Structures are given as C-alpha cells and as structure tokens.
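The structure file model_16.pdb is reproduced below (PDB, C-alpha atoms).
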ATOM      1  CA  MET A1346      98.605  72.145 208.895
ATOM      2  CA  ARG A1347     101.207  70.625 206.574
ATOM      3  CA  ALA A1348      98.533  69.880 203.988
ATOM      4  CA  ILE A1349      97.295  73.481 204.177
ATOM      5  CA  ARG A1350     100.819  74.843 203.794
ATOM      6  CA  ASN A1351     101.371  72.582 200.792
ATOM      7  CA  ARG A1352      98.154  73.809 199.174
ATOM      8  CA  VAL A1353      99.090  77.447 199.818
ATOM      9  CA  CYS A1354     102.603  76.982 198.504
ATOM     10  CA  GLY A1355     101.197  75.223 195.458
ATOM     11  CA  ALA A1356      98.697  78.009 194.809
ATOM     12  CA  LEU A1357     101.277  80.763 195.261
ATOM     13  CA  GLY A1358     103.776  78.817 193.188
ATOM     14  CA  GLY A1359     101.249  78.465 190.406
ATOM     15  CA  LEU A1360     100.416  82.161 190.643
ATOM     16  CA  LEU A1361     104.106  83.098 190.483
ATOM     17  CA  THR A1362     104.610  80.811 187.479
ATOM     18  CA  LEU A1363     101.640  82.394 185.707
ATOM     19  CA  VAL A1364     102.927  85.887 186.507
ATOM     20  CA  CYS A1365     106.412  85.104 185.208
ATOM     21  CA  ALA A1366     105.024  83.503 182.066
ATOM     22  CA  SER A1367     102.709  86.458 181.428
ATOM     23  CA  LEU A1368     105.503  88.973 181.863
ATOM     24  CA  ALA A1369     107.880  86.906 179.748
ATOM     25  CA  CYS A1370     105.375  86.725 176.916
ATOM     26  CA  ALA A1371     104.615  90.422 177.261
ATOM     27  CA  GLY A1372     108.304  91.266 177.285
ATOM     28  CA  SER A1373     108.957  89.254 174.139
ATOM     29  CA  ALA A1374     106.022  90.948 172.439
ATOM     30  CA  ARG A1375     107.236  94.489 173.109
ATOM     31  CA  ALA A1376     110.781  94.933 174.350
ATOM     32  CA  ALA A1377     110.273  98.675 174.750
ATOM     33  CA  ASP A1378     107.399  98.430 177.250
ATOM     34  CA  ALA A1379     107.790 100.652 180.298
ATOM     35  CA  THR A1380     108.183  99.224 183.799
ATOM     36  CA  GLU A1381     107.175 100.939 187.038
ATOM     37  CA  LEU A1382     107.110 100.519 190.805
ATOM     38  CA  TRP A1383     103.784 101.495 192.406
ATOM     39  CA  PRO A1384     104.209 102.014 196.193
ATOM     40  CA  GLU A1385     101.069 102.708 198.219
ATOM     41  CA  LEU A1386      99.911 103.274 201.803
ATOM     42  CA  ASN A1387      96.344 102.462 202.889
ATOM     43  CA  GLY A1388      94.573 103.311 206.142
ATOM     44  CA  PHE A1389      91.188 101.893 207.213
ATOM     45  CA  VAL A1390      89.229 103.250 210.197
ATOM     46  CA  GLN A1391      86.176 101.278 211.314
ATOM     47  CA  LEU A1392      83.317 103.681 212.073
ATOM     48  CA  ASN A1393      80.624 101.124 212.899
ATOM     49  CA  GLU A1394      79.458  97.713 211.729
ATOM     50  CA  ARG A1395      78.203  99.063 208.417
ATOM     51  CA  SER A1396      80.769 101.713 207.506
ATOM     52  CA  ARG A1397      84.459 102.563 207.505
ATOM     53  CA  ALA A1398      86.748 105.356 206.296
ATOM     54  CA  PHE A1399      89.511 104.587 203.810
ATOM     55  CA  PHE A1400      92.562 106.812 203.182
ATOM     56  CA  ASP A1401      95.106 106.218 200.430
ATOM     57  CA  ALA A1402      98.466 107.705 199.461
ATOM     58  CA  ALA A1403     100.125 106.451 196.272
ATOM     59  CA  TYR A1404     102.889 107.379 193.845
ATOM     60  CA  ALA A1405     103.113 106.210 190.257
ATOM     61  CA  LEU A1406     103.787 107.055 186.640
ATOM     62  CA  GLY A1407     100.949 106.189 184.310
ATOM     63  CA  LYS A1408      98.643 104.420 186.787
ATOM     64  CA  GLU A1409      95.995 107.074 187.384
ATOM     65  CA  SER A1410      97.454 109.920 185.337
ATOM     66  CA  ASP A1411      99.722 110.264 182.303
ATOM     67  CA  LEU A1412     102.161 112.107 184.564
ATOM     68  CA  LYS A1413     104.492 111.028 187.344
ATOM     69  CA  SER A1414     102.174 111.848 190.177
ATOM     70  CA  GLY A1415     101.172 111.400 193.784
ATOM     71  CA  ASN A1416      97.611 110.565 194.826
ATOM     72  CA  LEU A1417      95.899 111.499 198.088
ATOM     73  CA  SER A1418      92.435 110.020 198.497
ATOM     74  CA  ALA A1419      89.689 109.774 201.109
ATOM     75  CA  TYR A1420      86.665 107.488 200.859
ATOM     76  CA  LEU A1421      83.659 106.297 202.827
ATOM     77  CA  ASP A1422      82.723 102.620 202.506
ATOM     78  CA  VAL A1423      79.130 101.702 203.356
ATOM     79  CA  SER A1424      77.649  98.210 203.313
ATOM     80  CA  LEU A1425      74.283  97.831 201.602
ATOM     81  CA  LYS A1426      71.565  95.449 202.698
ATOM     82  CA  PRO A1427      71.640  92.403 200.398
ATOM     83  CA  ILE A1428      68.795  90.008 199.694
ATOM     84  CA  ALA A1429      70.504  87.308 201.782
ATOM     85  CA  ARG A1430      72.822  87.462 204.771
ATOM     86  CA  MET A1431      76.348  86.070 204.659
ATOM     87  CA  ARG A1432      76.410  82.456 205.808
ATOM     88  CA  SER A1433      78.086  81.989 209.186
ATOM     89  CA  ASP A1434      80.641  79.526 207.772
ATOM     90  CA  LEU A1435      81.779  82.187 205.255
ATOM     91  CA  LEU A1436      82.377  84.950 207.809
ATOM     92  CA  THR A1437      85.960  86.165 208.342
ATOM     93  CA  ASP A1438      87.674  88.908 210.353
ATOM     94  CA  ASP A1439      87.757  91.159 207.282
ATOM     95  CA  TRP A1440      85.091  93.872 206.840
ATOM     96  CA  GLN A1441      85.096  93.732 203.044
ATOM     97  CA  ARG A1442      85.115  89.950 202.730
ATOM     98  CA  ASN A1443      82.110  89.770 205.068
ATOM     99  CA  LYS A1444      79.913  91.771 202.673
ATOM    100  CA  TYR A1445      77.892  90.686 199.676
ATOM    101  CA  LEU A1446      77.172  94.253 198.569
ATOM    102  CA  TRP A1447      78.757  97.592 199.482
ATOM    103  CA  ALA A1448      79.457 101.044 198.055
ATOM    104  CA  ARG A1449      82.340 103.518 198.099
ATOM    105  CA  VAL A1450      82.181 107.296 197.660
ATOM    106  CA  GLY A1451      85.173 109.588 197.860
ATOM    107  CA  TYR A1452      87.532 112.165 196.476
ATOM    108  CA  ASP A1453      90.985 111.953 194.842
ATOM    109  CA  ARG A1454      93.508 114.753 194.530
ATOM    110  CA  ILE A1455      96.400 114.111 192.148
ATOM    111  CA  PHE A1456      99.647 116.079 192.324
ATOM    112  CA  GLU A1457     102.593 116.446 189.998
ATOM    113  CA  ALA A1458     106.046 117.478 191.212
ATOM    114  CA  THR A1459     107.860 119.856 188.838
ATOM    115  CA  ASP A1460     111.225 121.584 189.117
ATOM    116  CA  SER A1461     109.799 124.983 188.155
ATOM    117  CA  ARG A1462     106.470 125.091 190.007
ATOM    118  CA  GLY A1463     106.987 122.602 192.832
ATOM    119  CA  LEU A1464     103.929 120.558 193.804
ATOM    120  CA  GLU A1465     100.999 121.243 191.483
ATOM    121  CA  VAL A1466      97.460 119.810 191.434
ATOM    122  CA  VAL A1467      96.827 118.260 188.010
ATOM    123  CA  GLU A1468      93.517 116.509 188.637
ATOM    124  CA  ASN A1469      90.578 116.485 191.038
ATOM    125  CA  ARG A1470      88.280 113.497 190.982
ATOM    126  CA  GLY A1471      85.056 112.363 192.604
ATOM    127  CA  VAL A1472      84.504 108.620 192.870
ATOM    128  CA  ILE A1473      81.424 106.416 193.220
ATOM    129  CA  ALA A1474      81.797 102.616 193.167
ATOM    130  CA  LEU A1475      79.562  99.617 193.791
ATOM    131  CA  TYR A1476      80.983  96.231 194.858
ATOM    132  CA  GLY A1477      79.299  92.840 194.841
ATOM    133  CA  ARG A1478      80.635  89.435 195.920
ATOM    134  CA  VAL A1479      79.398  85.894 195.323
ATOM    135  CA  PRO A1480      80.833  82.603 196.640
ATOM    136  CA  LEU A1481      82.136  80.032 194.161
ATOM    137  CA  PRO A1482      83.012  76.340 194.542
ATOM    138  CA  ALA A1483      86.266  75.423 196.348
ATOM    139  CA  ALA A1484      85.869  78.383 198.750
ATOM    140  CA  ALA A1485      86.733  80.899 196.013
ATOM    141  CA  TRP A1486      85.030  84.282 195.604
ATOM    142  CA  LEU A1487      84.085  86.366 192.584
ATOM    143  CA  GLU A1488      83.921  90.113 193.202
ATOM    144  CA  THR A1489      82.605  92.669 190.717
ATOM    145  CA  ARG A1490      83.201  96.396 190.866
ATOM    146  CA  THR A1491      81.525  99.130 188.845
ATOM    147  CA  ARG A1492      83.117 102.546 189.333
ATOM    148  CA  ALA A1493      82.557 106.041 187.953
ATOM    149  CA  ASP A1494      85.269 108.722 188.083
ATOM    150  CA  PHE A1495      84.161 112.372 187.770
ATOM    151  CA  ARG A1496      87.332 114.140 186.622
ATOM    152  CA  TRP A1497      88.481 117.740 186.426
ATOM    153  CA  ILE A1498      91.774 117.831 184.513
ATOM    154  CA  GLY A1499      93.233 121.247 183.817
ATOM    155  CA  GLY A1500      89.792 122.840 184.065
ATOM    156  CA  ASP A1501      88.182 120.326 181.677
ATOM    157  CA  TYR A1502      85.527 117.912 182.920
ATOM    158  CA  SER A1503      85.251 114.279 181.809
ATOM    159  CA  ASN A1504      84.075 110.889 183.079
ATOM    160  CA  ARG A1505      85.776 107.543 183.254
ATOM    161  CA  TYR A1506      83.868 104.289 183.819
ATOM    162  CA  ARG A1507      85.654 101.245 185.204
ATOM    163  CA  PHE A1508      84.434  97.634 185.272
ATOM    164  CA  ARG A1509      86.429  94.992 187.160
ATOM    165  CA  LEU A1510      86.148  91.245 187.814
ATOM    166  CA  ASP A1511      88.187  89.795 190.683
ATOM    167  CA  LEU A1512      88.769  86.139 191.606
ATOM    168  CA  SER A1513      90.270  85.313 195.022
ATOM    169  CA  ARG A1514      90.699  82.485 197.525
ATOM    170  CA  GLU A1515      91.602  82.859 201.207
ATOM    171  CA  PHE A1516      93.990  80.411 202.893
ATOM    172  CA  ALA A1517      95.014  80.140 206.531
ATOM    173  CA  VAL A1518      98.752  79.784 207.210
ATOM    174  CA  ARG A1519      99.747  79.662 210.891
ATOM    175  CA  ASP A1520      96.594  81.600 211.788
ATOM    176  CA  ARG A1521      97.350  84.261 209.178
ATOM    177  CA  ALA A1522      95.129  84.949 206.190
ATOM    178  CA  VAL A1523      96.801  84.739 202.778
ATOM    179  CA  VAL A1524      94.622  85.779 199.833
ATOM    180  CA  PRO A1525      95.949  85.225 196.281
ATOM    181  CA  TYR A1526      93.856  87.040 193.675
ATOM    182  CA  CYS A1527      93.567  87.878 190.004
ATOM    183  CA  ASN A1528      91.509  90.666 188.491
ATOM    184  CA  PHE A1529      90.876  92.236 185.102
ATOM    185  CA  GLU A1530      89.546  95.755 184.524
ATOM    186  CA  TRP A1531      88.145  97.634 181.529
ATOM    187  CA  LEU A1532      88.163 101.465 181.476
ATOM    188  CA  TYR A1533      85.991 103.682 179.271
ATOM    189  CA  ASP A1534      87.065 107.351 178.908
ATOM    190  CA  THR A1535      84.578 109.956 177.680
ATOM    191  CA  ARG A1536      87.435 112.204 176.495
ATOM    192  CA  TYR A1537      87.942 109.728 173.647
ATOM    193  CA  ASP A1538      84.488 108.065 173.603
ATOM    194  CA  ASP A1539      86.274 104.739 173.630
ATOM    195  CA  TRP A1540      87.546 101.880 175.766
ATOM    196  CA  ALA A1541      90.850 103.501 176.601
ATOM    197  CA  ARG A1542      92.603 100.970 178.858
ATOM    198  CA  THR A1543      92.670  97.451 180.257
ATOM    199  CA  LEU A1544      94.456  96.361 183.433
ATOM    200  CA  LEU A1545      95.388  92.807 184.464
ATOM    201  CA  THR A1546      96.572  92.325 188.060
ATOM    202  CA  LEU A1547      97.927  89.223 189.826
ATOM    203  CA  GLY A1548      98.929  89.337 193.471
ATOM    204  CA  ALA A1549      98.401  88.300 197.064
ATOM    205  CA  GLU A1550      97.522  89.947 200.378
ATOM    206  CA  VAL A1551      99.091  88.690 203.627
ATOM    207  CA  THR A1552      97.762  89.513 207.104
ATOM    208  CA  MET A1553     100.580  90.206 209.580
ATOM    209  CA  ASN A1554      98.415  90.968 212.637
ATOM    210  CA  ASP A1555      95.170  92.744 213.566
ATOM    211  CA  ARG A1556      96.623  96.106 212.503
ATOM    212  CA  PHE A1557      98.807  95.470 209.479
ATOM    213  CA  ARG A1558      98.666  93.687 206.159
ATOM    214  CA  TRP A1559     100.818  93.904 203.095
ATOM    215  CA  GLU A1560     100.060  93.233 199.459
ATOM    216  CA  VAL A1561     102.328  92.569 196.486
ATOM    217  CA  TYR A1562     101.142  92.368 192.892
ATOM    218  CA  VAL A1563     102.236  92.612 189.287
ATOM    219  CA  ALA A1564     100.142  94.491 186.747
ATOM    220  CA  ARG A1565      99.932  94.645 182.978
ATOM    221  CA  GLN A1566      98.365  97.907 181.769
ATOM    222  CA  ALA A1567      97.482  98.345 178.102
ATOM    223  CA  ASP A1568      96.409 101.737 176.734
ATOM    224  CA  ARG A1569      94.589 101.932 173.387
ATOM    225  CA  VAL A1570      93.857 105.665 173.100
ATOM    226  CA  PRO A1571      95.076 108.341 172.613
ATOM    227  CA  LEU A1572      98.276 106.307 172.070
ATOM    228  CA  GLU A1573      98.868 102.573 172.098
ATOM    229  CA  LYS A1574     101.338 101.744 174.857
ATOM    230  CA  ASP A1575     101.876  99.060 177.474
ATOM    231  CA  LEU A1576     103.143  99.266 181.035
ATOM    232  CA  ASP A1577     104.341  96.528 183.405
ATOM    233  CA  ALA A1578     104.321  97.381 187.113
ATOM    234  CA  LEU A1579     105.205  95.912 190.481
ATOM    235  CA  GLY A1580     102.902  97.155 193.245
ATOM    236  CA  VAL A1581     103.663  97.120 196.969
ATOM    237  CA  VAL A1582     100.916  98.153 199.417
ATOM    238  CA  LEU A1583     101.093  98.521 203.195
ATOM    239  CA  LYS A1584      97.677  98.476 204.892
ATOM    240  CA  TRP A1585      96.869  99.714 208.399
ATOM    241  CA  TYR A1586      93.580  98.946 210.181
ATOM    242  CA  HIS A1587      92.041 100.626 213.208
TER
END
This entry written out as structure tokens:
Amino acid sequence: MRAIRNRVCGALGGLLTLVCASLACAGSARAADATELWPELNGFVQLNERSRAFFDAAYALGKESDLKSGNLSAYLDVSLKPIARMRSDLLTDDWQRNKYLWARVGYDRIFEATDSRGLEVVENRGVIALYGRVPLPAAAWLETRTRADFRWIGGDYSNRYRFRLDLSREFAVRDRAVVPYCNFEWLYDTRYDDWARTLLTLGAEVTMNDRFRWEVYVARQADRVPLEKDLDALGVVLKWYH
C-alpha cells in the first residue's frame, strides 16, 4: 500500500508541477489573460447495463458561450457493441471505463442572467458524440471523443465539431479510485469556417464512495476567431451516481 501511495503522490505531484509550469508560462506570455472558476454538478442514473442518463448543471463565462451563462443539459449514454469485449482484468466499477465504444445524445439549454430581462435563453443545442477507448502500456488509457453540436443562437443555426484526445491512469488509494488525466480538444465552428478554439485540461477525479465523486482540473482555453483571446480556468465538479 505504501508503494501505491508513493506512486500516486508522485503522479499527482508531477501533474501539479506540470500544471503550475504551464500556467506560469501562459501567465508570462499574456499578463492580461482572463481567469475563471467553472463550478459544475453532474448526475448519472443507471438505466440498465448498456445505458444511463446524464444530467449536468454548470456556470461559466466563456466556456460554452461568449456570455456569462448557466447550462442545463440532459443526455442519454448508450454503449455500442465493440469488436472485442473488455478483458476481465481491465474491468472496474465505473460504467464509462468499462466500455470500449459508446455514444451520447442529448440537449443543452444555455441561459444568460441580465439585470433588465432576468433569465434569458441565449442558445439551444443538440449534441451527438462518439467515444472510444483503448488500453495502453502501464495500465494507462487513451480515450477519443468526436462530438457534433447543432446550435441555435439568437435564431441563427450553426454547427460546431469537437475532437478530443484524453490520456488517463487509474490508481487505487485506500480502496478509492483516483484518476489523473490530461486531454486536448480542437473545435471547428461553421460560423467562421475555421478552427475556432483549442482547450487543454489537466485534472484528477477522486471517488469518495459509491454515490459521490469529485473532480478538480485546470484548463487553458485559446480562441483564434472571431477574436484572439486566452482564458485560464479552475474547474470543480461534483458527481452523483444512482
């Protein structure tokens, strides 16, 4: 157990060092970059072995919209039949980490709070995403996600395509799962016919018990169009499972 704790502490320490170095370099590059806190609540309801419902409530400035906004989302996750079954030695207690291939469909509603009009809907969005996972050496995992957003913003329709690579490794600490991860995402926006944004995220998820997990991450968001601007964020997510 001591060896495992040392490995976990070393991994998290290395992750924290990398995060601090990245933010320090970013801060020296552009002193005027914005910083944000991204709080979020997730709820997962297991429907059967192959599907679950996912509900999300989030608040942020600049994460999903150019406005300070709140997001309410509902999704259905469905596992797809892969060519091969997950090996028994790779199985965990987590629905997502037990799948090689799965899909997500859902709907986002984005609100903006204004002093004059109160709570106003600024965007409606349909979402389709496909996830795939492959095992790597040293018990690491590579996950890919391809996602399409179908957006109605102020009566105008557009699409946004998102491509993400995620690298993670699960550790066991006192019978609790700790999963450090790093991912990088590219976003293409049809409003500008260009690659509009990139997003680098470093963080970790910690399992508290069968019902609750929490996740903390730092993110570096870089917008290219319509304006060049950078955003550093600290994300805090509370996850509930049923």
Output of the PyMOL selection byres ((chain A and resi 1394) around 10), listed as a list in words: Gln1391, Leu1392, Asn1393, Arg1395, Ser1396, Arg1397, Val1423, Ser1424 and Trp1440 of chain A
Distance criterion (only C-alpha atoms): nearest to A:Phe1456 out of A:Ala1493, A:Ala1483, A:Ile1498, A:Ala1474: A:Ile1498
Atomic separation - atom CA of A:Leu1475 relative to atom CA of A:Gly1500, Å: 27.2 Å
Using the chain letters and numbers from the file, give me the residues hit by the PyMOL selection byres ((chain A and resi 1513) around 6), as a PDB file with C-alpha atoms, in the frame of the given file.
ATOM      1  CA  ALA A1485      86.733  80.899 196.013  1.00  0.00           C
ATOM      2  CA  TRP A1486      85.030  84.282 195.604  1.00  0.00           C
ATOM      3  CA  LEU A1512      88.769  86.139 191.606  1.00  0.00           C
ATOM      4  CA  ARG A1514      90.699  82.485 197.525  1.00  0.00           C
ATOM      5  CA  PRO A1525      95.949  85.225 196.281  1.00  0.00           C
ATOM      6  CA  TYR A1526      93.856  87.040 193.675  1.00  0.00           C
TER       7      TYR A1526
END
Selection dump of the PyMOL selection byres ((chain A and resi 1441) around 12), as a VMD selection string: chain A and resid 1389 1391 1394 to 1397 1399 1422 to 1425 1431 1436 to 1440 1442 to 1449 1476 to 1478 1488
Polymer residues at most 9 Å from A:Trp1540, only C-alpha atoms, same-chain spacing of 4 or more positions, as an MDAnalysis selection string: chainID A and resid 1531:1535 1568:1570
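Proximity of A:Arg1521, A:Lys1574, A:Arg1490, A:Arg1454 to A:Phe1400, computed with all atoms listed in the file, is greatest for A:Arg1454.
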Atom-to-atom span, atom CA of A:Arg1507 and atom CA of A:Arg1492, Å: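 We find that atom CA of A:Arg1507 and atom CA of A:Arg1492 lie 5.0 Å from each other.
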Length of the atom CA of A:Val1524 to atom CA of A:Arg1505 vector [Å]: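 Between these atoms lies a distance of 28.8 Å.
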A:Arg1558 surroundings by all atoms listed in the file, 7 Å radius, close-in-sequence under 4 positions cut, as a VMD selection string: chain A and resid 1550 to 1553 1583 to 1585
Limited to C-alpha atoms, could you put the picked residues into a file as a PDB file, in the coordinates of the input?
ATOM      1  CA  GLU A1550      97.522  89.947 200.378  1.00  0.00           C
ATOM      2  CA  VAL A1551      99.091  88.690 203.627  1.00  0.00           C
ATOM      3  CA  THR A1552      97.762  89.513 207.104  1.00  0.00           C
ATOM      4  CA  MET A1553     100.580  90.206 209.580  1.00  0.00           C
ATOM      5  CA  LEU A1583     101.093  98.521 203.195  1.00  0.00           C
ATOM      6  CA  LYS A1584      97.677  98.476 204.892  1.00  0.00           C
ATOM      7  CA  TRP A1585      96.869  99.714 208.399  1.00  0.00           C
TER       8      TRP A1585
END
Given only C-alpha atoms as the counted atoms, nearest of A:His1587, A:Arg1556, A:Arg1519, A:Arg1509 to A:Arg1542: A:Arg1509
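If you measure from each of A:Val1450, A:Leu1510, A:Ala1567, A:Ala1379 to A:Thr1489 using all atoms listed in the file, the closest one turns out to be A:Leu1510.
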